[in-house]
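As provided, input23.cif (mmCIF, N, CA and C atoms) reads as follows.
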data_structure
loop_
_atom_site.label_atom_id
_atom_site.label_comp_id
_atom_site.auth_asym_id
_atom_site.auth_seq_id
_atom_site.Cartn_x
_atom_site.Cartn_y
_atom_site.Cartn_z
N MET A 53 5.92 -0.81 -12.44
CA MET A 53 4.66 -0.76 -11.74
C MET A 53 3.59 -0.28 -12.71
N LYS A 54 2.48 -0.97 -12.75
CA LYS A 54 1.41 -0.64 -13.69
C LYS A 54 0.30 0.21 -13.08
N ALA A 55 0.35 0.47 -11.79
CA ALA A 55 -0.65 1.33 -11.17
C ALA A 55 -0.47 2.76 -11.68
N ASP A 56 -1.48 3.57 -11.53
CA ASP A 56 -1.46 4.97 -11.96
C ASP A 56 -0.43 5.73 -11.11
N HIS A 57 0.73 6.01 -11.71
CA HIS A 57 1.83 6.64 -10.97
C HIS A 57 1.43 7.97 -10.34
N LYS A 58 0.74 8.80 -11.10
CA LYS A 58 0.36 10.12 -10.59
C LYS A 58 -0.57 9.99 -9.39
N LYS A 59 -1.55 9.11 -9.50
CA LYS A 59 -2.50 8.91 -8.41
C LYS A 59 -1.79 8.36 -7.17
N ILE A 60 -0.94 7.37 -7.36
CA ILE A 60 -0.21 6.77 -6.24
C ILE A 60 0.71 7.80 -5.60
N THR A 61 1.43 8.56 -6.41
CA THR A 61 2.33 9.58 -5.88
C THR A 61 1.57 10.64 -5.10
N ASN A 62 0.44 11.09 -5.61
CA ASN A 62 -0.36 12.08 -4.90
C ASN A 62 -0.82 11.55 -3.55
N ARG A 63 -1.28 10.30 -3.53
CA ARG A 63 -1.75 9.72 -2.28
C ARG A 63 -0.61 9.56 -1.28
N LEU A 64 0.57 9.14 -1.76
CA LEU A 64 1.72 8.99 -0.87
C LEU A 64 2.19 10.35 -0.34
N ASN A 65 2.12 11.38 -1.17
CA ASN A 65 2.48 12.73 -0.69
C ASN A 65 1.50 13.21 0.38
N ARG A 66 0.22 12.87 0.21
CA ARG A 66 -0.78 13.23 1.22
C ARG A 66 -0.47 12.50 2.53
N ILE A 67 -0.09 11.23 2.43
CA ILE A 67 0.27 10.45 3.62
C ILE A 67 1.50 11.06 4.29
N ARG A 68 2.47 11.48 3.48
CA ARG A 68 3.66 12.11 4.05
C ARG A 68 3.28 13.37 4.83
N GLY A 69 2.34 14.14 4.28
CA GLY A 69 1.86 15.33 4.98
C GLY A 69 1.18 14.98 6.30
N GLN A 70 0.40 13.90 6.28
CA GLN A 70 -0.25 13.45 7.52
C GLN A 70 0.80 13.05 8.55
N LEU A 71 1.83 12.34 8.10
CA LEU A 71 2.88 11.91 9.01
C LEU A 71 3.64 13.10 9.58
N ASP A 72 3.90 14.10 8.75
CA ASP A 72 4.54 15.33 9.24
C ASP A 72 3.68 15.97 10.33
N GLY A 73 2.36 15.95 10.12
CA GLY A 73 1.44 16.50 11.11
C GLY A 73 1.51 15.74 12.42
N VAL A 74 1.62 14.43 12.35
CA VAL A 74 1.72 13.62 13.57
C VAL A 74 3.04 13.92 14.30
N ILE A 75 4.10 14.08 13.54
CA ILE A 75 5.38 14.43 14.17
C ILE A 75 5.25 15.74 14.93
N ARG A 76 4.59 16.72 14.32
CA ARG A 76 4.36 18.00 15.01
C ARG A 76 3.52 17.80 16.27
N MET A 77 2.51 16.94 16.17
CA MET A 77 1.66 16.66 17.33
C MET A 77 2.49 16.08 18.48
N VAL A 78 3.40 15.17 18.15
CA VAL A 78 4.25 14.58 19.18
C VAL A 78 5.16 15.64 19.78
N GLU A 79 5.78 16.45 18.91
CA GLU A 79 6.68 17.50 19.38
C GLU A 79 5.95 18.52 20.26
N GLU A 80 4.68 18.76 19.95
CA GLU A 80 3.88 19.72 20.72
C GLU A 80 3.16 19.06 21.90
N ASP A 81 3.45 17.79 22.13
CA ASP A 81 2.89 17.04 23.25
C ASP A 81 1.37 17.06 23.25
N LYS A 82 0.79 16.78 22.08
CA LYS A 82 -0.67 16.73 21.95
C LYS A 82 -1.21 15.48 22.64
N TYR A 83 -2.52 15.42 22.76
CA TYR A 83 -3.22 14.34 23.43
C TYR A 83 -2.94 13.01 22.73
N CYS A 84 -2.57 12.01 23.53
CA CYS A 84 -2.15 10.71 22.99
C CYS A 84 -3.19 10.07 22.07
N LEU A 85 -4.45 10.13 22.45
CA LEU A 85 -5.48 9.49 21.64
C LEU A 85 -5.69 10.22 20.32
N ASP A 86 -5.46 11.51 20.29
CA ASP A 86 -5.52 12.24 19.02
C ASP A 86 -4.39 11.80 18.09
N ILE A 87 -3.21 11.61 18.66
CA ILE A 87 -2.07 11.13 17.88
C ILE A 87 -2.36 9.73 17.36
N SER A 88 -2.86 8.87 18.23
CA SER A 88 -3.18 7.50 17.84
C SER A 88 -4.21 7.47 16.72
N THR A 89 -5.22 8.31 16.81
CA THR A 89 -6.25 8.38 15.77
C THR A 89 -5.64 8.74 14.42
N GLN A 90 -4.73 9.69 14.43
CA GLN A 90 -4.07 10.08 13.19
C GLN A 90 -3.18 8.96 12.64
N LEU A 91 -2.52 8.24 13.54
CA LEU A 91 -1.68 7.11 13.10
C LEU A 91 -2.53 6.00 12.49
N ILE A 92 -3.70 5.77 13.04
CA ILE A 92 -4.61 4.77 12.46
C ILE A 92 -5.03 5.20 11.06
N ALA A 93 -5.32 6.48 10.90
CA ALA A 93 -5.70 6.99 9.58
C ALA A 93 -4.56 6.83 8.57
N ILE A 94 -3.35 7.10 9.01
CA ILE A 94 -2.18 6.94 8.13
C ILE A 94 -2.00 5.48 7.75
N SER A 95 -2.10 4.61 8.73
CA SER A 95 -1.96 3.18 8.47
C SER A 95 -3.00 2.70 7.46
N SER A 96 -4.22 3.15 7.63
CA SER A 96 -5.28 2.78 6.70
C SER A 96 -4.99 3.30 5.30
N ALA A 97 -4.51 4.52 5.21
CA ALA A 97 -4.19 5.11 3.90
C ALA A 97 -3.05 4.35 3.22
N VAL A 98 -2.03 3.97 3.97
CA VAL A 98 -0.91 3.21 3.41
C VAL A 98 -1.40 1.85 2.91
N ASN A 99 -2.23 1.18 3.71
CA ASN A 99 -2.77 -0.11 3.29
C ASN A 99 -3.62 0.02 2.03
N SER A 100 -4.36 1.11 1.92
CA SER A 100 -5.19 1.33 0.75
C SER A 100 -4.33 1.49 -0.51
N VAL A 101 -3.26 2.25 -0.40
CA VAL A 101 -2.34 2.43 -1.54
C VAL A 101 -1.71 1.08 -1.89
N ASN A 102 -1.32 0.35 -0.89
CA ASN A 102 -0.70 -0.95 -1.14
C ASN A 102 -1.67 -1.90 -1.84
N ARG A 103 -2.94 -1.91 -1.42
CA ARG A 103 -3.93 -2.75 -2.08
C ARG A 103 -4.06 -2.37 -3.56
N GLU A 104 -4.06 -1.07 -3.83
CA GLU A 104 -4.18 -0.61 -5.21
C GLU A 104 -3.00 -1.10 -6.05
N ILE A 105 -1.81 -1.05 -5.49
CA ILE A 105 -0.62 -1.52 -6.19
C ILE A 105 -0.69 -3.02 -6.42
N LEU A 106 -1.15 -3.77 -5.41
CA LEU A 106 -1.26 -5.22 -5.55
C LEU A 106 -2.30 -5.60 -6.60
N ILE A 107 -3.42 -4.90 -6.61
CA ILE A 107 -4.45 -5.16 -7.62
C ILE A 107 -3.92 -4.88 -9.02
N ALA A 108 -3.18 -3.78 -9.16
CA ALA A 108 -2.58 -3.46 -10.46
C ALA A 108 -1.61 -4.55 -10.87
N HIS A 109 -0.88 -5.08 -9.92
CA HIS A 109 0.08 -6.16 -10.20
C HIS A 109 -0.66 -7.39 -10.75
N ILE A 110 -1.73 -7.76 -10.10
CA ILE A 110 -2.50 -8.92 -10.54
C ILE A 110 -3.09 -8.67 -11.93
N ASN A 111 -3.70 -7.50 -12.10
CA ASN A 111 -4.40 -7.19 -13.35
C ASN A 111 -3.47 -6.91 -14.52
N SER A 112 -2.23 -6.61 -14.25
CA SER A 112 -1.33 -6.31 -15.36
C SER A 112 -0.20 -7.32 -15.44
N CYS A 113 0.69 -7.30 -14.50
CA CYS A 113 1.89 -8.14 -14.58
C CYS A 113 1.55 -9.63 -14.68
N VAL A 114 0.76 -10.11 -13.75
CA VAL A 114 0.42 -11.54 -13.75
C VAL A 114 -0.47 -11.88 -14.93
N ALA A 115 -1.50 -11.07 -15.16
CA ALA A 115 -2.43 -11.35 -16.26
C ALA A 115 -1.72 -11.31 -17.61
N GLU A 116 -0.84 -10.34 -17.82
CA GLU A 116 -0.12 -10.24 -19.09
C GLU A 116 0.79 -11.45 -19.30
N SER A 117 1.43 -11.89 -18.24
CA SER A 117 2.29 -13.07 -18.36
C SER A 117 1.48 -14.29 -18.78
N LEU A 118 0.32 -14.45 -18.18
CA LEU A 118 -0.54 -15.58 -18.53
C LEU A 118 -1.06 -15.46 -19.96
N LYS A 119 -1.50 -14.25 -20.31
CA LYS A 119 -2.07 -14.03 -21.64
C LYS A 119 -1.03 -14.23 -22.74
N ASN A 120 0.20 -13.82 -22.47
CA ASN A 120 1.27 -13.93 -23.47
C ASN A 120 1.91 -15.31 -23.48
N GLY A 121 1.40 -16.19 -22.66
CA GLY A 121 1.90 -17.56 -22.66
C GLY A 121 3.27 -17.72 -22.04
N LYS A 122 3.68 -16.73 -21.26
CA LYS A 122 4.97 -16.85 -20.60
C LYS A 122 4.89 -17.98 -19.57
N GLU A 123 6.00 -18.65 -19.45
CA GLU A 123 6.03 -19.76 -18.49
C GLU A 123 6.19 -19.19 -17.09
N ILE A 124 5.08 -19.13 -16.38
CA ILE A 124 5.13 -18.74 -14.98
C ILE A 124 4.39 -19.81 -14.20
N ASN A 125 4.83 -19.99 -12.99
CA ASN A 125 4.14 -20.93 -12.13
C ASN A 125 3.03 -20.15 -11.42
N VAL A 126 1.80 -20.40 -11.83
CA VAL A 126 0.65 -19.67 -11.29
C VAL A 126 0.58 -19.85 -9.78
N TYR A 127 0.86 -21.04 -9.33
CA TYR A 127 0.78 -21.30 -7.89
C TYR A 127 1.84 -20.52 -7.12
N GLU A 128 3.02 -20.33 -7.72
CA GLU A 128 4.05 -19.51 -7.08
C GLU A 128 3.59 -18.06 -6.98
N LYS A 129 2.97 -17.56 -8.05
CA LYS A 129 2.46 -16.18 -8.06
C LYS A 129 1.39 -16.00 -6.99
N ILE A 130 0.51 -16.98 -6.89
CA ILE A 130 -0.55 -16.91 -5.87
C ILE A 130 0.08 -16.93 -4.49
N GLU A 131 1.07 -17.77 -4.28
CA GLU A 131 1.74 -17.85 -2.98
C GLU A 131 2.44 -16.52 -2.65
N GLU A 132 3.07 -15.90 -3.64
CA GLU A 132 3.70 -14.59 -3.43
C GLU A 132 2.67 -13.57 -2.95
N MET A 133 1.52 -13.56 -3.63
CA MET A 133 0.45 -12.62 -3.27
C MET A 133 -0.10 -12.91 -1.88
N GLU A 134 -0.26 -14.19 -1.56
CA GLU A 134 -0.78 -14.54 -0.23
C GLU A 134 0.17 -14.05 0.87
N LYS A 135 1.47 -14.19 0.65
CA LYS A 135 2.44 -13.71 1.64
C LYS A 135 2.31 -12.21 1.87
N ILE A 136 2.17 -11.46 0.79
CA ILE A 136 2.02 -10.01 0.91
C ILE A 136 0.71 -9.66 1.60
N ILE A 137 -0.38 -10.29 1.18
CA ILE A 137 -1.69 -10.01 1.76
C ILE A 137 -1.69 -10.33 3.24
N ASN A 138 -1.07 -11.43 3.63
CA ASN A 138 -1.00 -11.80 5.04
C ASN A 138 -0.23 -10.76 5.86
N LYS A 139 0.75 -10.13 5.26
CA LYS A 139 1.50 -9.09 5.95
C LYS A 139 0.67 -7.84 6.18
N LEU A 140 -0.33 -7.60 5.31
CA LEU A 140 -1.18 -6.41 5.45
C LEU A 140 -1.95 -6.42 6.77
N GLY A 141 -2.32 -7.60 7.23
CA GLY A 141 -3.14 -7.69 8.44
C GLY A 141 -2.34 -7.55 9.73
N LYS A 142 -1.04 -7.48 9.64
CA LYS A 142 -0.21 -7.45 10.85
C LYS A 142 0.05 -6.05 11.30
#
What's the structure tokens form of this structure?
Amino acid sequence: MKADHKKITNRLNRIRGQLDGVIRMVEEDKYCLDISTQLIAISSAVNSVNREILIAHINSCVAESLKNGKEINVYEKIEEMEKIINKLGK
């Protein structure tokens, strides 16, 4: 992975902390809409990290393969990315 490992790890640890907080909220029978709001925030944070990883993939792995003249099917790479991006919206 070519994304900034430290930055990604820090963000994922923050998300884990948010998720732990939501678990406590459920255990303490907190207000449903407050729990839902926190889950939306977590979902958004996870998607943001995923976008960063995907961008790093395009800018490094795919770009380096093209620059180094490696035989890759560009259309296959684009199709792989489209499949992942389409999953983000679900």
State, in Å with one decimal place, the distance from atom CA of A:Val74 to atom CA of A:Ser88.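 We find that atom CA of A:Val74 and atom CA of A:Ser88 lie 8.9 Å from each other.
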Atom CA of A:Ile136 and atom CA of A:Ile87 are how many Å apart? 27.4 Å
Would you please work out which residue, of A:Leu91, A:Ala55, A:Cys84, A:Met133, is nearest to A:Gln70 when using only N, CA and C atoms?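 Closest to A:Gln70, using only N, CA and C atoms: A:Leu91.
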Evaluate the PyMOL selection byres (((chain A and resi 96-105 and name CA) around 8) and name CA) here and jot the selected residues down as JSON, numbers by chain. {"A": [53, 54, 55, 60, 63, 64, 67, 92, 93, 94, 95, 106, 107, 108, 109, 140]}
Atom CA of A:Glu128 and atom CA of A:Ile110 are how many Å apart? 12.9 Å
Helix (DSSP H, G or I) positions in chain A, given as an MDAnalysis selection string: chainID A and resid 57:79 84:119 126:140
Write out as a list in words which residues come within 12 Å of A:Glu132 when counting only C-alpha atoms, dropping same-chain ones fewer than 5 positions away.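 Those residues are Leu106, His109, Ile110, Val114, Asn125, Val126, Tyr127, Ile137, Asn138 and Lys139 of chain A.
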